[in-house]
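File shown: entry26.pdb (PDB, C-alpha atoms and all ligand atoms).
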ATOM      1  CA  MET A 242      16.813 -23.412  19.645
ATOM      2  CA  ALA A 243      14.457 -20.438  20.021
ATOM      3  CA  MET A 244      14.062 -18.448  16.837
ATOM      4  CA  GLN A 245      15.340 -14.887  16.965
ATOM      5  CA  ALA A 246      12.633 -12.249  16.377
ATOM      6  CA  ARG A 247      13.211 -11.165  12.808
ATOM      7  CA  LEU A 248      12.775  -7.424  13.367
ATOM      8  CA  ALA A 249      14.369  -7.172  16.813
ATOM      9  CA  GLY A 250      15.909  -3.758  17.443
ATOM     10  CA  LYS A 251      14.250  -2.128  14.419
ATOM     11  CA  ARG A 252      11.974   0.913  14.544
ATOM     12  CA  ALA A 253       9.346   0.993  11.786
ATOM     13  CA  LEU A 254       6.883   3.643  10.624
ATOM     14  CA  ILE A 255       3.796   2.309   8.857
ATOM     15  CA  THR A 256       1.651   4.923   7.103
ATOM     16  CA  GLY A 257      -2.090   4.270   6.966
ATOM     17  CA  GLY A 258      -1.458   1.776   9.765
ATOM     18  CA  GLY A 259      -4.803   2.358  11.435
ATOM     19  CA  ALA A 260      -6.704  -0.224   9.357
ATOM     20  CA  GLY A 261      -6.459  -3.046   6.847
ATOM     21  CA  LEU A 262      -3.059  -4.145   5.589
ATOM     22  CA  GLY A 263      -1.154  -1.503   7.556
ATOM     23  CA  ALA A 264      -2.748  -2.528  10.862
ATOM     24  CA  GLN A 265      -1.909  -6.192  10.237
ATOM     25  CA  MET A 266       1.675  -5.264   9.341
ATOM     26  CA  ALA A 267       1.862  -3.344  12.628
ATOM     27  CA  ARG A 268       0.795  -6.483  14.534
ATOM     28  CA  ARG A 269       3.261  -8.784  12.778
ATOM     29  CA  PHE A 270       6.113  -6.264  13.003
ATOM     30  CA  HIS A 271       5.464  -5.986  16.751
ATOM     31  CA  GLU A 272       5.415  -9.786  17.172
ATOM     32  CA  GLU A 273       8.741  -9.914  15.332
ATOM     33  CA  GLY A 274      10.317  -7.500  17.790
ATOM     34  CA  ALA A 275      10.015  -4.139  16.020
ATOM     35  CA  GLU A 276       9.035  -0.899  17.697
ATOM     36  CA  VAL A 277       6.118   0.324  15.604
ATOM     37  CA  LEU A 278       5.108   3.911  14.855
ATOM     38  CA  VAL A 279       1.586   3.943  13.451
ATOM     39  CA  ASN A 280       0.559   6.800  11.169
ATOM     40  CA  ASP A 281      -2.959   7.476   9.961
ATOM     41  CA  LEU A 282      -5.098  10.391   8.842
ATOM     42  CA  HIS A 283      -6.804  10.656  12.228
ATOM     43  CA  LEU A 284      -5.102  10.271  15.576
ATOM     44  CA  GLU A 285      -7.810   8.011  17.096
ATOM     45  CA  THR A 286      -7.456   5.487  14.252
ATOM     46  CA  ALA A 287      -3.683   5.363  14.637
ATOM     47  CA  GLU A 288      -3.922   5.268  18.420
ATOM     48  CA  ALA A 289      -6.129   2.182  18.531
ATOM     49  CA  VAL A 290      -3.537   0.111  16.642
ATOM     50  CA  ALA A 291      -0.558   1.746  18.392
ATOM     51  CA  LYS A 292      -2.075   0.758  21.737
ATOM     52  CA  GLU A 293      -2.523  -2.831  20.555
ATOM     53  CA  VAL A 294       1.136  -3.116  19.543
ATOM     54  CA  GLY A 295       2.648  -1.011  22.341
ATOM     55  CA  GLY A 296       3.799   1.563  19.812
ATOM     56  CA  SER A 297       3.248   5.255  19.143
ATOM     57  CA  ALA A 298       0.603   6.999  17.058
ATOM     58  CA  LEU A 299       1.287   9.822  14.616
ATOM     59  CA  ALA A 300      -1.495  11.601  12.741
ATOM     60  CA  ALA A 301      -0.709  13.120   9.335
ATOM     61  CA  ASP A 302      -2.187  13.216   5.859
ATOM     62  CA  VAL A 303       0.626  11.756   3.748
ATOM     63  CA  SER A 304      -0.463  13.856   0.764
ATOM     64  CA  ASP A 305       0.320  17.033   2.725
ATOM     65  CA  SER A 306       4.018  17.812   2.417
ATOM     66  CA  GLY A 307       3.975  20.119   5.463
ATOM     67  CA  ALA A 308       2.202  17.580   7.673
ATOM     68  CA  VAL A 309       4.646  14.854   6.584
ATOM     69  CA  GLY A 310       7.601  17.155   7.324
ATOM     70  CA  ALA A 311       6.250  17.852  10.812
ATOM     71  CA  MET A 312       5.664  14.143  11.476
ATOM     72  CA  PHE A 313       9.246  13.259  10.550
ATOM     73  CA  GLU A 314      10.646  16.146  12.579
ATOM     74  CA  ARG A 315       8.862  14.658  15.557
ATOM     75  CA  ILE A 316      10.224  11.186  14.746
ATOM     76  CA  GLY A 317      13.748  12.651  14.495
ATOM     77  CA  SER A 318      13.572  14.590  17.743
ATOM     78  CA  GLU A 319      11.554  12.132  19.823
ATOM     79  CA  PHE A 320      12.887   8.797  18.566
ATOM     80  CA  GLY A 321      16.100   9.504  16.648
ATOM     81  CA  ARG A 322      16.636   6.681  14.205
ATOM     82  CA  LEU A 323      14.256   5.041  11.755
ATOM     83  CA  ASP A 324      14.994   1.622  10.290
ATOM     84  CA  VAL A 325      11.895   0.833   8.225
ATOM     85  CA  LEU A 326       9.331   2.967   6.404
ATOM     86  CA  VAL A 327       6.259   1.298   4.928
ATOM     87  CA  ASN A 328       4.443   3.619   2.519
ATOM     88  CA  ASN A 329       1.077   1.916   2.874
ATOM     89  CA  ALA A 330      -1.516   4.722   3.183
ATOM     90  CA  GLY A 331      -3.938   4.587   0.302
ATOM     91  CA  ILE A 332      -7.439   5.039  -1.026
ATOM     92  CA  GLY A 333      -9.509   3.239  -3.630
ATOM     93  CA  VAL A 334     -12.834   4.278  -5.069
ATOM     94  CA  GLU A 335     -14.717   3.303  -1.882
ATOM     95  CA  GLY A 336     -14.846   6.941  -0.725
ATOM     96  CA  ASN A 337     -16.975   7.802  -3.782
ATOM     97  CA  PRO A 338     -20.265   5.850  -3.468
ATOM     98  CA  GLU A 339     -21.631   6.908  -6.855
ATOM     99  CA  LEU A 340     -18.465   5.852  -8.677
ATOM    100  CA  THR A 341     -18.336   2.588  -6.705
ATOM    101  CA  LYS A 342     -21.925   1.699  -7.564
ATOM    102  CA  ASN A 343     -21.428   2.424 -11.255
ATOM    103  CA  PHE A 344     -18.136   0.509 -11.216
ATOM    104  CA  ASN A 345     -19.734  -2.637  -9.831
ATOM    105  CA  GLN A 346     -22.859  -2.508 -11.962
ATOM    106  CA  ARG A 347     -21.207  -1.749 -15.271
ATOM    107  CA  LEU A 348     -18.467  -4.338 -14.815
ATOM    108  CA  ALA A 349     -20.993  -7.046 -13.923
ATOM    109  CA  ARG A 350     -23.337  -6.141 -16.794
ATOM    110  CA  GLN A 351     -20.504  -6.097 -19.317
ATOM    111  CA  ALA A 352     -19.246  -9.486 -18.087
ATOM    112  CA  GLU A 353     -22.758 -10.952 -18.462
ATOM    113  CA  GLU A 354     -22.955  -9.645 -22.020
ATOM    114  CA  ALA A 355     -19.542 -11.129 -22.805
ATOM    115  CA  MET A 356     -20.440 -14.525 -21.281
ATOM    116  CA  SER A 357     -23.703 -14.732 -23.198
ATOM    117  CA  GLY A 358     -21.803 -14.272 -26.458
ATOM    118  CA  GLY A 359     -22.279 -10.521 -26.862
ATOM    119  CA  PRO A 360     -22.729  -8.037 -28.330
ATOM    120  CA  ILE A 361     -21.145  -5.811 -25.674
ATOM    121  CA  GLU A 362     -23.493  -2.909 -25.225
ATOM    122  CA  THR A 363     -22.432  -1.776 -21.764
ATOM    123  CA  HIS A 364     -19.384   0.434 -21.868
ATOM    124  CA  LEU A 365     -17.378   1.301 -18.765
ATOM    125  CA  ASP A 366     -16.720   4.950 -19.671
ATOM    126  CA  PHE A 367     -15.017   5.769 -16.360
ATOM    127  CA  THR A 368     -12.019   7.763 -17.476
ATOM    128  CA  VAL A 369     -14.134  10.021 -19.642
ATOM    129  CA  GLU A 370     -16.217  10.801 -16.527
ATOM    130  CA  LEU A 371     -13.366  11.061 -14.012
ATOM    131  CA  SER A 372     -13.154  14.486 -12.345
ATOM    132  CA  ASP A 373      -9.954  16.482 -11.913
ATOM    133  CA  GLU A 374     -10.542  16.223  -8.182
ATOM    134  CA  ASP A 375     -10.715  12.385  -8.120
ATOM    135  CA  TRP A 376      -7.665  12.073 -10.410
ATOM    136  CA  LEU A 377      -5.540  14.508  -8.407
ATOM    137  CA  ARG A 378      -6.533  13.116  -4.983
ATOM    138  CA  MET A 379      -5.615   9.577  -6.072
ATOM    139  CA  LEU A 380      -2.159  10.661  -7.252
ATOM    140  CA  ALA A 381      -1.715  12.907  -4.211
ATOM    141  CA  VAL A 382      -2.314  10.211  -1.599
ATOM    142  CA  HIS A 383      -0.429   7.379  -3.303
ATOM    143  CA  LEU A 384       2.326   8.924  -5.386
ATOM    144  CA  ASN A 385       2.956  12.250  -3.626
ATOM    145  CA  GLY A 386       2.525  10.561  -0.240
ATOM    146  CA  THR A 387       5.111   7.903  -1.094
ATOM    147  CA  PHE A 388       7.546  10.567  -2.281
ATOM    148  CA  PHE A 389       7.012  12.954   0.664
ATOM    149  CA  CYS A 390       7.447  10.207   3.276
ATOM    150  CA  SER A 391      10.434   8.615   1.504
ATOM    151  CA  ARG A 392      12.208  11.968   1.180
ATOM    152  CA  GLU A 393      11.768  12.756   4.861
ATOM    153  CA  ALA A 394      12.688   9.211   5.941
ATOM    154  CA  LEU A 395      15.923   9.444   3.940
ATOM    155  CA  LYS A 396      16.923  12.486   5.986
ATOM    156  CA  LEU A 397      17.084  10.059   8.926
ATOM    157  CA  MET A 398      18.297   6.964   7.062
ATOM    158  CA  ASN A 399      21.085   8.577   4.996
ATOM    159  CA  PRO A 400      23.227   9.559   8.019
ATOM    160  CA  GLN A 401      22.649   6.058   9.454
ATOM    161  CA  ASN A 402      23.794   4.475   6.162
ATOM    162  CA  SER A 403      21.091   1.889   6.689
ATOM    163  CA  GLY A 404      17.364   1.531   6.303
ATOM    164  CA  CYS A 405      14.578  -0.099   4.380
ATOM    165  CA  ILE A 406      11.640   1.380   2.495
ATOM    166  CA  ILE A 407       8.652  -0.702   1.423
ATOM    167  CA  ASN A 408       6.140   0.862  -0.968
ATOM    168  CA  LEU A 409       2.638  -0.456  -1.530
ATOM    169  CA  GLY A 410       2.057  -0.908  -5.236
ATOM    170  CA  SER A 411      -0.632  -3.232  -6.537
ATOM    171  CA  ILE A 412      -1.112  -5.785  -9.291
ATOM    172  CA  MET A 413      -3.173  -2.950 -10.798
ATOM    173  CA  GLY A 414       0.117  -1.087 -11.358
ATOM    174  CA  THR A 415       1.185  -3.666 -13.951
ATOM    175  CA  ALA A 416      -1.932  -5.606 -15.012
ATOM    176  CA  GLY A 417      -4.119  -2.495 -15.237
ATOM    177  CA  GLY A 418      -7.756  -2.410 -14.278
ATOM    178  CA  ALA A 419     -10.712  -1.098 -16.267
ATOM    179  CA  GLY A 420     -12.328   1.802 -14.438
ATOM    180  CA  LEU A 421      -9.340   2.359 -12.202
ATOM    181  CA  ALA A 422      -6.994   4.324 -14.462
ATOM    182  CA  HIS A 423      -6.162   6.867 -11.761
ATOM    183  CA  TYR A 424      -5.419   4.163  -9.160
ATOM    184  CA  CYS A 425      -3.403   2.100 -11.668
ATOM    185  CA  ALA A 426      -1.417   5.164 -12.807
ATOM    186  CA  ALA A 427      -0.547   5.967  -9.193
ATOM    187  CA  LYS A 428       0.486   2.376  -8.453
ATOM    188  CA  GLY A 429       2.510   2.059 -11.671
ATOM    189  CA  GLY A 430       4.283   5.275 -10.694
ATOM    190  CA  ILE A 431       5.072   3.858  -7.275
ATOM    191  CA  LEU A 432       6.672   0.758  -8.830
ATOM    192  CA  ALA A 433       8.892   2.930 -11.068
ATOM    193  CA  PHE A 434       9.725   5.223  -8.141
ATOM    194  CA  THR A 435      10.734   2.151  -6.118
ATOM    195  CA  ARG A 436      13.238   0.965  -8.730
ATOM    196  CA  SER A 437      14.754   4.429  -9.206
ATOM    197  CA  LEU A 438      15.147   5.090  -5.507
ATOM    198  CA  ALA A 439      16.555   1.606  -4.935
ATOM    199  CA  ARG A 440      19.396   2.368  -7.376
ATOM    200  CA  GLU A 441      19.994   5.785  -5.872
ATOM    201  CA  VAL A 442      20.349   4.798  -2.209
ATOM    202  CA  VAL A 443      21.952   1.359  -2.537
ATOM    203  CA  SER A 444      25.400   2.887  -1.903
ATOM    204  CA  ARG A 445      24.113   3.980   1.507
ATOM    205  CA  GLY A 446      23.041   0.476   2.468
ATOM    206  CA  ILE A 447      19.356   1.375   2.145
ATOM    207  CA  ARG A 448      17.022  -1.113   0.447
ATOM    208  CA  VAL A 449      13.831  -0.060  -1.374
ATOM    209  CA  ASN A 450      11.235  -2.599  -2.470
ATOM    210  CA  ALA A 451       7.561  -2.738  -3.374
ATOM    211  CA  LEU A 452       4.701  -5.009  -2.455
ATOM    212  CA  ALA A 453       2.098  -5.471  -5.173
ATOM    213  CA  PRO A 454      -0.836  -7.224  -3.506
ATOM    214  CA  GLY A 455      -3.606  -8.883  -5.407
ATOM    215  CA  PHE A 456      -7.145  -8.369  -4.123
ATOM    216  CA  ILE A 457      -7.127  -8.638  -0.317
ATOM    217  CA  GLU A 458     -10.040  -8.571   2.167
ATOM    218  CA  THR A 459     -10.019  -5.056   3.660
ATOM    219  CA  ALA A 460     -12.356  -2.041   3.751
ATOM    220  CA  MET A 461     -10.910  -1.053   0.379
ATOM    221  CA  THR A 462     -12.230  -4.159  -1.372
ATOM    222  CA  SER A 463     -15.491  -4.444   0.616
ATOM    223  CA  SER A 464     -17.104  -2.118  -1.930
ATOM    224  CA  LEU A 465     -16.492  -4.661  -4.711
ATOM    225  CA  VAL A 466     -19.882  -6.330  -4.514
ATOM    226  CA  GLU A 467     -21.051  -7.352  -7.994
ATOM    227  CA  ALA A 468     -17.432  -7.252  -9.228
ATOM    228  CA  ARG A 469     -16.291  -9.737  -6.564
ATOM    229  CA  PRO A 470     -17.180 -12.993  -8.398
ATOM    230  CA  LEU A 471     -15.337 -11.667 -11.462
ATOM    231  CA  ILE A 472     -12.214 -11.099  -9.376
ATOM    232  CA  GLU A 473     -12.487 -14.523  -7.738
ATOM    233  CA  GLY A 474     -12.944 -16.097 -11.154
ATOM    234  CA  ALA A 475      -9.826 -14.355 -12.484
ATOM    235  CA  THR A 476      -7.740 -15.519  -9.498
ATOM    236  CA  PRO A 477      -6.324 -19.044  -9.898
ATOM    237  CA  MET A 478      -6.703 -19.573  -6.129
ATOM    238  CA  GLY A 479     -10.364 -18.607  -6.522
ATOM    239  CA  ARG A 480     -10.549 -16.143  -3.630
ATOM    240  CA  LEU A 481      -9.325 -12.881  -2.206
ATOM    241  CA  GLY A 482      -6.263 -12.878   0.037
ATOM    242  CA  GLU A 483      -6.010 -12.094   3.759
ATOM    243  CA  PRO A 484      -4.167  -9.108   5.267
ATOM    244  CA  ASP A 485      -1.637 -11.565   6.732
ATOM    245  CA  ASP A 486      -0.608 -12.615   3.210
ATOM    246  CA  ILE A 487       0.756  -9.095   2.778
ATOM    247  CA  ALA A 488       1.905  -8.539   6.365
ATOM    248  CA  TRP A 489       4.259 -11.549   6.245
ATOM    249  CA  ALA A 490       5.702 -10.385   2.925
ATOM    250  CA  ALA A 491       6.384  -6.999   4.546
ATOM    251  CA  VAL A 492       8.077  -8.702   7.514
ATOM    252  CA  TYR A 493      10.353 -10.532   5.078
ATOM    253  CA  LEU A 494      11.284  -7.403   3.110
ATOM    254  CA  ALA A 495      11.945  -5.458   6.336
ATOM    255  CA  SER A 496      14.088  -8.231   7.832
ATOM    256  CA  ASP A 497      17.799  -8.872   7.358
ATOM    257  CA  GLU A 498      16.783 -12.119   5.623
ATOM    258  CA  ALA A 499      16.090  -9.868   2.602
ATOM    259  CA  LYS A 500      19.536  -8.230   2.732
ATOM    260  CA  PHE A 501      20.258  -8.983  -0.973
ATOM    261  CA  VAL A 502      16.802  -7.823  -2.117
ATOM    262  CA  THR A 503      16.359  -4.310  -3.493
ATOM    263  CA  GLY A 504      14.386  -2.715  -6.327
ATOM    264  CA  GLN A 505      12.021  -5.704  -6.349
ATOM    265  CA  THR A 506       8.267  -6.055  -6.454
ATOM    266  CA  LEU A 507       6.924  -8.929  -4.366
ATOM    267  CA  SER A 508       3.365  -9.780  -5.351
ATOM    268  CA  PRO A 509       1.230 -12.067  -3.160
ATOM    269  CA  ASN A 510      -1.827 -12.308  -5.405
ATOM    270  CA  GLY A 511      -3.225 -15.859  -5.534
ATOM    271  CA  GLY A 512      -1.891 -16.223  -9.083
ATOM    272  CA  TYR A 513      -3.982 -13.361 -10.527
ATOM    273  CA  HIS A 514      -0.896 -11.943 -12.178
ATOM    274  CA  MET A 515       2.189 -14.088 -12.789
ATOM    275  CA  SER A 516       5.624 -12.729 -13.589
ATOM    276  CA  GLN A 517       9.358 -13.427 -14.031
TER     277      GLN A 517
HETATM  278  N1  LIG B   1      -6.840  -4.322  -0.204
HETATM  279  C1  LIG B   1      -6.365  -4.616  -1.388
HETATM  280  O1  LIG B   1      -6.908  -5.473  -2.102
HETATM  281  C2  LIG B   1      -5.125  -3.934  -1.919
HETATM  282  C3  LIG B   1      -4.548  -4.445  -3.091
HETATM  283  C4  LIG B   1      -3.411  -3.847  -3.601
HETATM  284  C5  LIG B   1      -2.849  -2.756  -2.958
HETATM  285  N2  LIG B   1      -3.432  -2.255  -1.836
HETATM  286  C6  LIG B   1      -2.806  -1.102  -1.218
HETATM  287  O2  LIG B   1      -2.505  -1.395   0.130
HETATM  288  C7  LIG B   1      -2.568  -0.208   0.906
HETATM  289  C8  LIG B   1      -3.485  -0.435   2.093
HETATM  290  O3  LIG B   1      -4.780  -0.739   1.623
HETATM  291  P1  LIG B   1      -5.932  -1.363   2.549
HETATM  292  O4  LIG B   1      -6.654  -2.342   1.723
HETATM  293  O5  LIG B   1      -5.367  -1.768   3.857
HETATM  294  O6  LIG B   1      -6.885  -0.086   2.717
HETATM  295  P2  LIG B   1      -7.771   0.355   3.969
HETATM  296  O7  LIG B   1      -8.759   1.327   3.404
HETATM  297  O8  LIG B   1      -8.270  -0.813   4.729
HETATM  298  O9  LIG B   1      -6.734   1.136   4.897
HETATM  299  C9  LIG B   1      -6.046   2.267   4.426
HETATM  300  C10 LIG B   1      -5.625   3.132   5.598
HETATM  301  O10 LIG B   1      -4.909   4.268   5.058
HETATM  302  C11 LIG B   1      -5.378   5.433   5.715
HETATM  303  N3  LIG B   1      -5.221   6.600   4.836
HETATM  304  C12 LIG B   1      -5.915   6.895   3.718
HETATM  305  N4  LIG B   1      -5.490   8.053   3.201
HETATM  306  C13 LIG B   1      -4.505   8.504   4.013
HETATM  307  C14 LIG B   1      -3.680   9.649   4.007
HETATM  308  N5  LIG B   1      -3.830  10.573   3.060
HETATM  309  N6  LIG B   1      -2.764   9.794   4.988
HETATM  310  C15 LIG B   1      -2.637   8.869   5.969
HETATM  311  N7  LIG B   1      -3.399   7.744   6.023
HETATM  312  C16 LIG B   1      -4.311   7.581   5.063
HETATM  313  C17 LIG B   1      -6.849   5.153   5.999
HETATM  314  O11 LIG B   1      -7.348   6.021   7.009
HETATM  315  C18 LIG B   1      -6.815   3.675   6.411
HETATM  316  O12 LIG B   1      -6.571   3.522   7.786
HETATM  317  C19 LIG B   1      -3.038   0.891  -0.053
HETATM  318  O13 LIG B   1      -1.930   1.596  -0.543
HETATM  319  C20 LIG B   1      -3.707   0.112  -1.159
HETATM  320  O14 LIG B   1      -3.744   0.833  -2.366
HETATM  321  C21 LIG B   1      -4.553  -2.833  -1.298
END
With the file now loaded, output its structure as structure tokens.
Amino acid sequence: MAMQARLAGKRALITGGGAGLGAQMARRFHEEGAEVLVNDLHLETAEAVAKEVGGSALAADVSDSGAVGAMFERIGSEFGRLDVLVNNAGIGVEGNPELTKNFNQRLARQAEEAMSGGPIETHLDFTVELSDEDWLRMLAVHLNGTFFCSREALKLMNPQNSGCIINLGSIMGTAGGAGLAHYCAAKGGILAFTRSLAREVVSRGIRVNALAPGFIETAMTSSLVEARPLIEGATPMGRLGEPDDIAWAAVYLASDEAKFVTGQTLSPNGGYHMSQ
């Protein structure tokens, strides 16, 4: 018997869907029968993936409340209902070359000192050097963006009394990561936001869950050069994951197969961080 497409009849918005994990989710969602709306910062980036999956492109900076409001107004008027929101848009430290270089070099040097029996003379000293601008931008994209998009999506989902929100956390949100305090704080906040919202909207038949990926091969992790062997060494599977490892988890959470799943964090991570 032919298998039913798992997302047939569902319309999904994926933020930051123009690259990396979001783009792969868009492909798998499309294969599973969903109509996909692809958001990204720039229209051309979103359009390339939207074209691939026969969906629609929507440009908006998720950290901009006004731009998010306008995007959802368009979704409401042009498309009507929304079944799935994936809050995936995000940034790492790759946009800051100086910080990235220091991050790699200091981590690698400190690990060498530790492996050769010490003493540890290289200190990471990232938080003490972190600018207001870098801190605020990180929280704005991840945490504000997740809130702004969820709030606007609920304006469509509440009257439907159905829907599903998937937020991108990270293992960094629970395990922590030296030199990434701003990223980890944002991701930890997203995990707490997920649980709170899940309790709040359960009576409306809306499910809210998080994905907490381990290290996955995308543009975001391509800047981890000297730090890469350390990450592989700390991962029981000995390697980084593939975007599909996250895309399939998103398909599951978005599907009716996950109808009893809410407030959860699903973490494909190669064993880097084990829980429950
Ligand atoms: N790659 C990993 O190892 C990893 C691990 C854990 C969590 N994550 C999370 O997964 C999500 C996707 O990461 P990725 O690795 O695919 O990154 P990526 O850099 O490959 O893609 C991110 C996409 O988000 C878009 N984007 C960035 N800021 C935006 C904004 N303000 N508004 C709209 N779009 C914006 C970018 O243009 C890009 O297309 C992020 O939230 C990231 O923190 C990634």
Original post:
Residues at most 12 Å from Pro470 in chain A, counting all atoms listed in the file, excluding those fewer than 2 positions away in the same chain, as a ChimeraX atom specification?
Top reply: /A:345,348-349,352-353,456,465-468,472-476,479-481
**OP:** Starting from the displayed file, determine the output of the PyMOL selection byres (((chain A and resi 328) around 6) and not hetatm) and express the residue list as a VMD selection string.
**Re:** chain A and resid 256 327 329 387 408
**OP:** Check every protein, DNA and RNA residue against ligand LIG 1 (chain B), keep those with an atom at most 8 Å away (counting only C-alpha atoms and all ligand atoms), and present them as number ranges by chain.
**Re:** A: 256-264, 280-283, 286-287, 300-305, 328-333, 381-383, 386, 409-413, 424, 428, 452-462, 481-482, 484
Original post:
From the list A:Val443, A:Ile431, A:Cys425, A:Leu395, which residue is nearest Gly310 in chain A when using all atoms listed in the file?
Top reply: A:Leu395
Phe320 in chain A: which residues within 10 Å, counting all atoms listed in the file, same-chain residues fewer than 4 positions away excluded, as an mmCIF file with C-alpha atoms, in the coordinates of the input?
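Contents of around03.cif, as written:
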data_model
loop_
_atom_site.group_PDB
_atom_site.id
_atom_site.type_symbol
_atom_site.label_atom_id
_atom_site.label_comp_id
_atom_site.auth_asym_id
_atom_site.auth_seq_id
_atom_site.Cartn_x
_atom_site.Cartn_y
_atom_site.Cartn_z
ATOM 1 C CA ARG A 252 11.974 0.913 14.544
ATOM 2 C CA LEU A 278 5.108 3.911 14.855
ATOM 3 C CA PHE A 313 9.246 13.259 10.550
ATOM 4 C CA GLU A 314 10.646 16.146 12.579
ATOM 5 C CA ARG A 315 8.862 14.658 15.557
ATOM 6 C CA ILE A 316 10.224 11.186 14.746
#
Subject >> Using all atoms listed in the file: which of A:Glu285, A:Asp486, A:Glu272, A:Asp497 has the shortest distance to Gly511 in chain A >> reply: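 Nearest candidate to Gly511 in chain A out of A:Glu285, A:Asp486, A:Glu272, A:Asp497: A:Asp486.
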**OP:** For each of A:Phe434, A:Val290, A:Gly418, A:Ala427, take the minimum atom-to-atom distance to Leu380 in chain A, counting only C-alpha atoms, then give the residue where this is smallest.
**Re:**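 Result for the nearest residue to Leu380 in chain A: A:Ala427.
Atom pair CA of Gly317 in chain A / CA of Leu397 in chain A has a distance of 7.0 Å (rounded to one decimal).
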Subject >> Within 12 Å of range 354-364 of chain A using all atoms listed in the file, minus same-chain residues under 6 positions, as a VMD selection string >> reply: chain A and resid 343 to 344 346 to 348 419 to 420 471
Range 348-366 of chain A, all listed atoms, 3 Å padding on each side: what axis-aligned box centre and edge lengths in Å to one decimal come out, as JSON?
{"center_x": -20.2, "center_y": -4.9, "center_z": -21.1, "size_x": 13.0, "size_y": 25.7, "size_z": 20.4}
Original post:
Suppose you want the space between CA of Glu339 in chain A and CA of Ser372 in chain A; what is it in Å?
Top reply: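 One can read the CA of Glu339 in chain A to CA of Ser372 in chain A distance as 12.6 Å.
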Original post:
What is the CA of Gly504 in chain A to CA of Ala439 in chain A distance in Å?
Top reply: 5.0 Å
Original post:
In terms of the shortest atom-to-atom distance over only C-alpha atoms, which of A:Val449, A:Ala490, A:Val502, A:Val279 is closest to Glu293 in chain A?
Top reply: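 Closest to Glu293 in chain A, using only C-alpha atoms: A:Val279.
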**OP:** Any chance you could resolve the PyMOL selection byres (((chain A and resi 245) around 12) and not hetatm) against this file and give the residues as a ChimeraX atom specification?
**Re:** /A:242-244,246-250,272-274,496-498
Subject >> Nearest-residue call for Ala451 in chain A, choices A:Gly414, A:Pro477, A:Gln351, A:Phe389, using only C-alpha atoms >> reply: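 The closest residue to Ala451 in chain A is A:Gly414.
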